[in-house]
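Source file protein24.pdb; content: PDB, C-alpha atoms.
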```pdb
ATOM      1  CA  MET A   5      98.784 127.401  87.576
ATOM      2  CA  GLY A   6     102.309 126.167  88.189
ATOM      3  CA  VAL A   7     103.568 122.663  88.919
ATOM      4  CA  ALA A   8     103.192 123.101  92.690
ATOM      5  CA  ALA A   9      99.557 124.175  92.371
ATOM      6  CA  ASP A  10      98.750 121.502  89.794
ATOM      7  CA  GLU A  11     100.300 118.726  91.871
ATOM      8  CA  ARG A  12      98.553 119.968  95.022
ATOM      9  CA  GLN A  13      95.165 119.797  93.333
ATOM     10  CA  ALA A  14      95.851 116.405  91.745
ATOM     11  CA  LEU A  15      97.054 114.957  95.048
ATOM     12  CA  SER A  16      94.012 116.328  96.875
ATOM     13  CA  SER A  17      91.697 114.692  94.346
ATOM     14  CA  LEU A  18      93.578 111.421  94.690
ATOM     15  CA  PHE A  19      93.237 111.637  98.471
ATOM     16  CA  GLU A  20      89.480 111.938  98.013
ATOM     17  CA  ASP A  21      89.385 108.983  95.621
ATOM     18  CA  LEU A  22      91.462 106.646  97.807
ATOM     19  CA  GLY A  23      90.342 107.636 101.295
ATOM     20  CA  PRO A  24      92.373 108.034 104.493
ATOM     21  CA  ASP A  25      93.736 104.508 104.861
ATOM     22  CA  ALA A  26      95.465 103.940 101.523
ATOM     23  CA  PRO A  27      99.189 103.103 101.487
ATOM     24  CA  THR A  28     101.909 105.523 100.422
ATOM     25  CA  LEU A  29     105.608 105.174  99.651
ATOM     26  CA  CYS A  30     106.380 107.084 102.870
ATOM     27  CA  GLU A  31     107.305 104.270 105.234
ATOM     28  CA  GLY A  32     104.694 103.770 107.949
ATOM     29  CA  TRP A  33     102.361 106.464 106.605
ATOM     30  CA  THR A  34      98.883 106.110 105.190
ATOM     31  CA  THR A  35      97.266 108.817 103.101
ATOM     32  CA  ARG A  36      95.895 110.306 106.325
ATOM     33  CA  ASP A  37      99.401 110.647 107.774
ATOM     34  CA  LEU A  38     100.725 112.217 104.595
ATOM     35  CA  ALA A  39      97.869 114.716 104.409
ATOM     36  CA  ALA A  40      98.459 115.698 108.041
ATOM     37  CA  HIS A  41     102.180 116.157 107.319
ATOM     38  CA  LEU A  42     101.404 118.531 104.458
ATOM     39  CA  VAL A  43      99.036 120.590 106.599
ATOM     40  CA  VAL A  44     101.532 120.860 109.471
ATOM     41  CA  ARG A  45     104.222 121.903 107.021
ATOM     42  CA  GLU A  46     102.129 124.848 105.823
ATOM     43  CA  HIS A  47     100.145 125.866 108.904
ATOM     44  CA  ARG A  48     102.217 125.258 112.017
ATOM     45  CA  ILE A  49     105.392 127.280 112.142
ATOM     46  CA  ASP A  50     106.015 125.947 115.657
ATOM     47  CA  ALA A  51     105.929 122.304 114.533
ATOM     48  CA  ALA A  52     107.312 122.461 110.991
ATOM     49  CA  PRO A  53     111.009 122.500 112.057
ATOM     50  CA  GLY A  54     110.649 118.995 113.474
ATOM     51  CA  ILE A  55     110.091 117.672 109.961
ATOM     52  CA  ALA A  56     113.813 118.144 109.321
ATOM     53  CA  VAL A  57     115.324 118.346 112.833
ATOM     54  CA  PRO A  58     115.293 114.992 114.666
ATOM     55  CA  ALA A  59     115.514 116.605 118.101
ATOM     56  CA  LEU A  60     112.183 118.347 117.469
ATOM     57  CA  ALA A  61     110.444 115.438 115.759
ATOM     58  CA  GLY A  62     108.555 114.283 118.856
ATOM     59  CA  TYR A  63     106.608 117.517 119.140
ATOM     60  CA  THR A  64     105.969 117.584 115.414
ATOM     61  CA  LYS A  65     104.529 114.070 115.554
ATOM     62  CA  LYS A  66     102.139 115.031 118.350
ATOM     63  CA  VAL A  67     100.879 117.986 116.345
ATOM     64  CA  GLN A  68     100.656 115.912 113.164
ATOM     65  CA  ASP A  69      98.686 113.194 114.940
ATOM     66  CA  ARG A  70      96.147 115.785 116.096
ATOM     67  CA  TYR A  71      95.646 116.926 112.526
ATOM     68  CA  ALA A  72      95.399 113.313 111.356
ATOM     69  CA  ALA A  73      92.500 112.797 113.782
ATOM     70  CA  LYS A  74      90.422 115.447 112.010
ATOM     71  CA  PRO A  75      87.568 114.399 109.700
ATOM     72  CA  TRP A  76      89.072 113.256 106.421
ATOM     73  CA  ALA A  77      87.144 115.660 104.206
ATOM     74  CA  SER A  78      88.260 118.607 106.333
ATOM     75  CA  LEU A  79      91.884 117.501 106.299
ATOM     76  CA  VAL A  80      91.913 117.071 102.521
ATOM     77  CA  ASP A  81      90.289 120.481 102.112
ATOM     78  CA  GLN A  82      93.124 122.047 104.116
ATOM     79  CA  VAL A  83      95.661 120.414 101.823
ATOM     80  CA  ARG A  84      93.784 121.624  98.751
ATOM     81  CA  GLN A  85      93.399 125.202  99.993
ATOM     82  CA  GLY A  86      97.055 125.518 100.951
ATOM     83  CA  PRO A  87      98.468 128.004 103.445
ATOM     84  CA  SER A  88      96.835 131.229 104.555
ATOM     85  CA  LYS A  89      97.638 134.419 102.685
ATOM     86  CA  PHE A  90     100.078 135.329 105.455
ATOM     87  CA  TRP A  91     102.242 132.234 104.869
ATOM     88  CA  PRO A  92     105.263 132.947 102.628
ATOM     89  CA  THR A  93     104.459 130.192 100.134
ATOM     90  CA  SER A  94     101.053 131.720  99.430
ATOM     91  CA  ILE A  95     102.994 133.853  96.936
ATOM     92  CA  GLY A  96     102.910 132.067  93.583
ATOM     93  CA  PRO A  97     106.612 132.154  92.607
ATOM     94  CA  LEU A  98     107.715 131.177  96.118
ATOM     95  CA  ASP A  99     105.138 128.387  96.188
ATOM     96  CA  GLU A 100     106.531 127.052  92.931
ATOM     97  CA  LEU A 101     110.112 127.220  94.185
ATOM     98  CA  THR A 102     109.382 125.668  97.576
ATOM     99  CA  ASN A 103     106.563 123.259  96.831
ATOM    100  CA  GLY A 104     107.035 122.103  93.249
ATOM    101  CA  ALA A 105     109.181 119.111  94.156
ATOM    102  CA  GLU A 106     107.403 118.571  97.505
ATOM    103  CA  PHE A 107     103.962 118.030  96.018
ATOM    104  CA  LEU A 108     105.289 116.255  92.954
ATOM    105  CA  VAL A 109     107.107 113.680  95.093
ATOM    106  CA  HIS A 110     104.205 113.210  97.495
ATOM    107  CA  HIS A 111     101.689 112.907  94.668
ATOM    108  CA  GLU A 112     103.824 110.104  93.258
ATOM    109  CA  ASP A 113     104.157 108.630  96.762
ATOM    110  CA  VAL A 114     100.433 108.003  96.698
ATOM    111  CA  ARG A 115     100.092 107.108  93.007
ATOM    112  CA  ARG A 116     102.946 104.601  93.006
ATOM    113  CA  ALA A 117     101.906 102.887  96.209
ATOM    114  CA  GLN A 118      98.824 101.596  94.384
ATOM    115  CA  PRO A 119      99.145  98.197  92.681
ATOM    116  CA  ASP A 120      98.038  99.412  89.242
ATOM    117  CA  TRP A 121     100.195 102.532  88.986
ATOM    118  CA  LYS A 122     101.655 103.586  85.669
ATOM    119  CA  PRO A 123     104.026 106.448  84.786
ATOM    120  CA  ARG A 124     102.261 109.604  83.735
ATOM    121  CA  PRO A 125     102.834 110.950  80.216
ATOM    122  CA  ALA A 126     105.689 113.408  79.869
ATOM    123  CA  ASP A 127     104.838 116.991  80.729
ATOM    124  CA  PRO A 128     107.350 119.762  79.917
ATOM    125  CA  ALA A 129     106.693 121.901  82.988
ATOM    126  CA  ARG A 130     106.552 118.978  85.416
ATOM    127  CA  ASP A 131     109.652 117.379  83.909
ATOM    128  CA  ALA A 132     111.569 120.668  84.065
ATOM    129  CA  THR A 133     110.758 121.025  87.763
ATOM    130  CA  ALA A 134     111.720 117.406  88.432
ATOM    131  CA  TRP A 135     115.020 117.689  86.533
ATOM    132  CA  ARG A 136     116.020 120.908  88.279
ATOM    133  CA  SER A 137     115.030 119.566  91.688
ATOM    134  CA  ALA A 138     116.704 116.190  91.188
ATOM    135  CA  LYS A 139     120.011 117.854  90.341
ATOM    136  CA  GLY A 140     119.779 120.207  93.285
ATOM    137  CA  ALA A 141     118.680 117.656  95.871
ATOM    138  CA  ALA A 142     121.302 115.138  94.742
ATOM    139  CA  LYS A 143     124.048 117.435  96.006
ATOM    140  CA  LEU A 144     122.756 116.842  99.534
ATOM    141  CA  ASN A 145     121.022 113.481  99.391
ATOM    142  CA  LEU A 146     123.800 111.662  97.525
ATOM    143  CA  ARG A 147     126.679 113.300  99.361
ATOM    144  CA  LYS A 148     127.475 110.026 101.151
ATOM    145  CA  SER A 149     127.650 108.011  97.943
ATOM    146  CA  PRO A 150     131.020 106.239  97.731
ATOM    147  CA  VAL A 151     130.823 106.316  93.930
ATOM    148  CA  GLY A 152     130.415 109.054  91.364
ATOM    149  CA  VAL A 153     126.926 109.661  89.984
ATOM    150  CA  THR A 154     125.716 111.118  86.699
ATOM    151  CA  PHE A 155     122.063 111.610  85.788
ATOM    152  CA  ARG A 156     120.905 111.254  82.184
ATOM    153  CA  THR A 157     117.434 111.584  80.726
ATOM    154  CA  ALA A 158     116.042 109.721  77.748
ATOM    155  CA  ASP A 159     116.162 112.913  75.682
ATOM    156  CA  GLY A 160     119.887 113.344  76.305
ATOM    157  CA  ARG A 161     120.131 115.804  79.191
ATOM    158  CA  GLU A 162     123.032 114.926  81.468
ATOM    159  CA  ALA A 163     124.407 116.205  84.774
ATOM    160  CA  ALA A 164     127.222 115.002  87.015
ATOM    161  CA  VAL A 165     125.698 115.242  90.496
ATOM    162  CA  LYS A 166     128.350 113.499  92.617
ATOM    163  CA  THR A 167     132.068 113.221  92.019
ATOM    164  CA  GLY A 168     133.799 110.022  93.017
ATOM    165  CA  PRO A 169     135.373 106.786  91.828
ATOM    166  CA  ASP A 170     133.645 104.011  89.862
ATOM    167  CA  PRO A 171     131.019 106.362  88.398
ATOM    168  CA  VAL A 172     127.481 105.168  87.832
ATOM    169  CA  THR A 173     125.127 106.727  85.282
ATOM    170  CA  VAL A 174     121.460 106.671  86.257
ATOM    171  CA  VAL A 175     119.199 106.934  83.214
ATOM    172  CA  GLY A 176     115.495 107.682  83.273
ATOM    173  CA  ASP A 177     112.741 110.254  83.171
ATOM    174  CA  PRO A 178     113.180 113.341  85.369
ATOM    175  CA  VAL A 179     110.377 112.363  87.758
ATOM    176  CA  ASP A 180     111.912 108.951  88.351
ATOM    177  CA  LEU A 181     115.320 110.528  88.949
ATOM    178  CA  LEU A 182     113.767 112.904  91.468
ATOM    179  CA  LEU A 183     112.062 110.057  93.292
ATOM    180  CA  PHE A 184     115.329 108.109  93.361
ATOM    181  CA  VAL A 185     117.099 111.072  94.964
ATOM    182  CA  PHE A 186     114.462 111.073  97.686
ATOM    183  CA  GLY A 187     114.867 107.383  98.410
ATOM    184  CA  ARG A 188     111.888 105.931  96.585
ATOM    185  CA  ASP A 189     112.259 102.523  94.934
ATOM    186  CA  ALA A 190     109.111 102.515  92.778
ATOM    187  CA  VAL A 191     110.993 103.933  89.814
ATOM    188  CA  ASN A 192     111.859 102.922  86.253
ATOM    189  CA  LEU A 193     115.587 103.577  85.967
ATOM    190  CA  ASP A 194     118.593 102.044  84.246
ATOM    191  CA  PHE A 195     121.843 101.945  86.242
ATOM    192  CA  GLN A 196     124.935 101.854  84.048
ATOM    193  CA  GLY A 197     128.311 101.042  85.558
ATOM    194  CA  ASP A 198     130.216  98.393  87.442
ATOM    195  CA  PRO A 199     127.659  96.138  89.223
ATOM    196  CA  ALA A 200     129.456  96.529  92.557
ATOM    197  CA  ALA A 201     129.363 100.323  92.185
ATOM    198  CA  VAL A 202     125.662 100.204  91.304
ATOM    199  CA  THR A 203     124.973  98.174  94.442
ATOM    200  CA  LYS A 204     126.873 100.693  96.562
ATOM    201  CA  LEU A 205     124.861 103.568  95.127
ATOM    202  CA  GLN A 206     121.542 101.830  95.597
ATOM    203  CA  SER A 207     122.378 101.093  99.235
ATOM    204  CA  VAL A 208     122.998 104.743 100.121
ATOM    205  CA  LYS A 209     120.363 106.170 102.450
ATOM    206  CA  ARG A 210     118.758 108.954 100.464
ATOM    207  CA  GLY A 211     116.316 111.753 101.037
ATOM    208  CA  LEU A 212     113.525 112.055 103.545
TER     209      LEU A 212
END
```
Produce structure tokens that represent the structure in this file.
Amino acid sequence: MGVAADERQALSSLFEDLGPDAPTLCEGWTTRDLAAHLVVREHRIDAAPGIAVPALAGYTKKVQDRYAAKPWASLVDQVRQGPSKFWPTSIGPLDELTNGAEFLVHHEDVRRAQPDWKPRPADPARDATAWRSAKGAAKLNLRKSPVGVTFRTADGREAAVKTGPDPVTVVGDPVDLLLFVFGRDAVNLDFQGDPAAVTKLQSVKRGL
């Protein structure tokens, strides 16, 4: 399996372990809300656009709430099974491209919302997906940063992801860099640069 499939299965198992009312890093969402979001994203072409388009978000929320009201075991099973064979991301390579970062981030959203969370051991495939996705998403999610931004991993990989004055280098594992790009604070990162510039970067609204 690929990273998307592996993270989907791991997240589904974690959902079962924690139940529907556990916290997540998605503000205002429990595990039930997050599971419903994932199902809507892959099963309701009419409601999925509202995930990204604010004007359509009201309808999406109504649909998501209906899914969230389903029995927990059934909802988790829908997450685990993924989309129908007619959905584009049922194709393995497209699933990996579209869902690798999605399920990786949301798996960590649940893991890291628990009080005893610890970073997972490095994994070459997972880290490669996180590094690629962090660099790509930074172009959009850090576009409003008033300072320049460079990402660097512990093993020496480096990428300038935002040009600008007073550059800040963000150092950490690829998964933590990816989570930072998507606005999560439960990360282990080192910010190198002028303290005022670091503060400006950390205050930028990022991700979803």
Nearby residues (all atoms listed in the file) at most 12 Å from Lys209 in chain A, same-chain spacing under 4 positions excluded, as a VMD selection string:
chain A and resid 142 144 to 150 184 to 189 204 to 205
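Rounded to one decimal, CA of Cys30 in chain A and CA of Arg115 in chain A lie 11.7 Å from each other.
Here CA of Leu193 in chain A is placed at a distance of 4.9 Å from CA of Gly176 in chain A.
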Run the PyMOL selection byres ((chain A and resi 137) around 10) mentally over the shown coordinates, then write out the matched residues as a PDB file with C-alpha atoms, in the frame of the given file, using the chain letters and numbers from the document.
```pdb
ATOM      1  CA  LEU A 101     110.112 127.220  94.185  1.00  0.00           C
ATOM      2  CA  GLY A 104     107.035 122.103  93.249  1.00  0.00           C
ATOM      3  CA  ALA A 105     109.181 119.111  94.156  1.00  0.00           C
ATOM      4  CA  GLU A 106     107.403 118.571  97.505  1.00  0.00           C
ATOM      5  CA  ASP A 131     109.652 117.379  83.909  1.00  0.00           C
ATOM      6  CA  ALA A 132     111.569 120.668  84.065  1.00  0.00           C
ATOM      7  CA  THR A 133     110.758 121.025  87.763  1.00  0.00           C
ATOM      8  CA  ALA A 134     111.720 117.406  88.432  1.00  0.00           C
ATOM      9  CA  TRP A 135     115.020 117.689  86.533  1.00  0.00           C
ATOM     10  CA  ARG A 136     116.020 120.908  88.279  1.00  0.00           C
ATOM     11  CA  ALA A 138     116.704 116.190  91.188  1.00  0.00           C
ATOM     12  CA  LYS A 139     120.011 117.854  90.341  1.00  0.00           C
ATOM     13  CA  GLY A 140     119.779 120.207  93.285  1.00  0.00           C
ATOM     14  CA  ALA A 141     118.680 117.656  95.871  1.00  0.00           C
ATOM     15  CA  ALA A 142     121.302 115.138  94.742  1.00  0.00           C
ATOM     16  CA  PRO A 178     113.180 113.341  85.369  1.00  0.00           C
ATOM     17  CA  VAL A 179     110.377 112.363  87.758  1.00  0.00           C
ATOM     18  CA  LEU A 181     115.320 110.528  88.949  1.00  0.00           C
ATOM     19  CA  LEU A 182     113.767 112.904  91.468  1.00  0.00           C
ATOM     20  CA  VAL A 185     117.099 111.072  94.964  1.00  0.00           C
TER      21      VAL A 185
END
```
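Nearest to Pro97 in chain A of all the residues A:Lys65, A:Gln13, A:Phe19, A:Ala8 is A:Ala8, based on only C-alpha atoms.
Residues in contact with His110 in chain A at 10 Å, where all atoms listed in the file are counted and same-chain residues fewer than 5 positions away are skipped, are listed as Glu11, Arg12, Leu15, Thr28, Leu29, Cys30, Thr35, Leu38, Ala39, Leu42, Ala105, Arg115, Arg116 and Leu183 of chain A.
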Do you know which residues the PyMOL selection byres ((chain A and resi 83) around 8) returns on this file, as a VMD selection string?
chain A and resid 12 16 39 42 to 43 79 to 82 84 to 86
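In this structure, CA of Ala9 in chain A sits 25.3 Å away from CA of Ala73 in chain A.
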List, as an mmCIF file with C-alpha atoms, keeping the file's coordinate frame, every residue that the PyMOL selection byres ((chain A and resi 123) around 12) selects in the file provided.
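Saved file selection12.cif follows:
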```cif
data_model
loop_
_atom_site.group_PDB
_atom_site.id
_atom_site.type_symbol
_atom_site.label_atom_id
_atom_site.label_comp_id
_atom_site.auth_asym_id
_atom_site.auth_seq_id
_atom_site.Cartn_x
_atom_site.Cartn_y
_atom_site.Cartn_z
ATOM 1 C CA GLU A 112 103.824 110.104 93.258
ATOM 2 C CA ARG A 115 100.092 107.108 93.007
ATOM 3 C CA ARG A 116 102.946 104.601 93.006
ATOM 4 C CA GLN A 118 98.824 101.596 94.384
ATOM 5 C CA ASP A 120 98.038 99.412 89.242
ATOM 6 C CA TRP A 121 100.195 102.532 88.986
ATOM 7 C CA LYS A 122 101.655 103.586 85.669
ATOM 8 C CA ARG A 124 102.261 109.604 83.735
ATOM 9 C CA PRO A 125 102.834 110.950 80.216
ATOM 10 C CA ALA A 126 105.689 113.408 79.869
ATOM 11 C CA ASP A 127 104.838 116.991 80.729
ATOM 12 C CA GLY A 176 115.495 107.682 83.273
ATOM 13 C CA ASP A 177 112.741 110.254 83.171
ATOM 14 C CA PRO A 178 113.180 113.341 85.369
ATOM 15 C CA VAL A 179 110.377 112.363 87.758
ATOM 16 C CA ASP A 180 111.912 108.951 88.351
ATOM 17 C CA ALA A 190 109.111 102.515 92.778
ATOM 18 C CA VAL A 191 110.993 103.933 89.814
ATOM 19 C CA ASN A 192 111.859 102.922 86.253
ATOM 20 C CA LEU A 193 115.587 103.577 85.967
#
```
Residue with smallest distance to Thr64 in chain A - pool A:Leu108, A:Ile49, A:Val172, A:Leu18, counting only C-alpha atoms:
A:Ile49
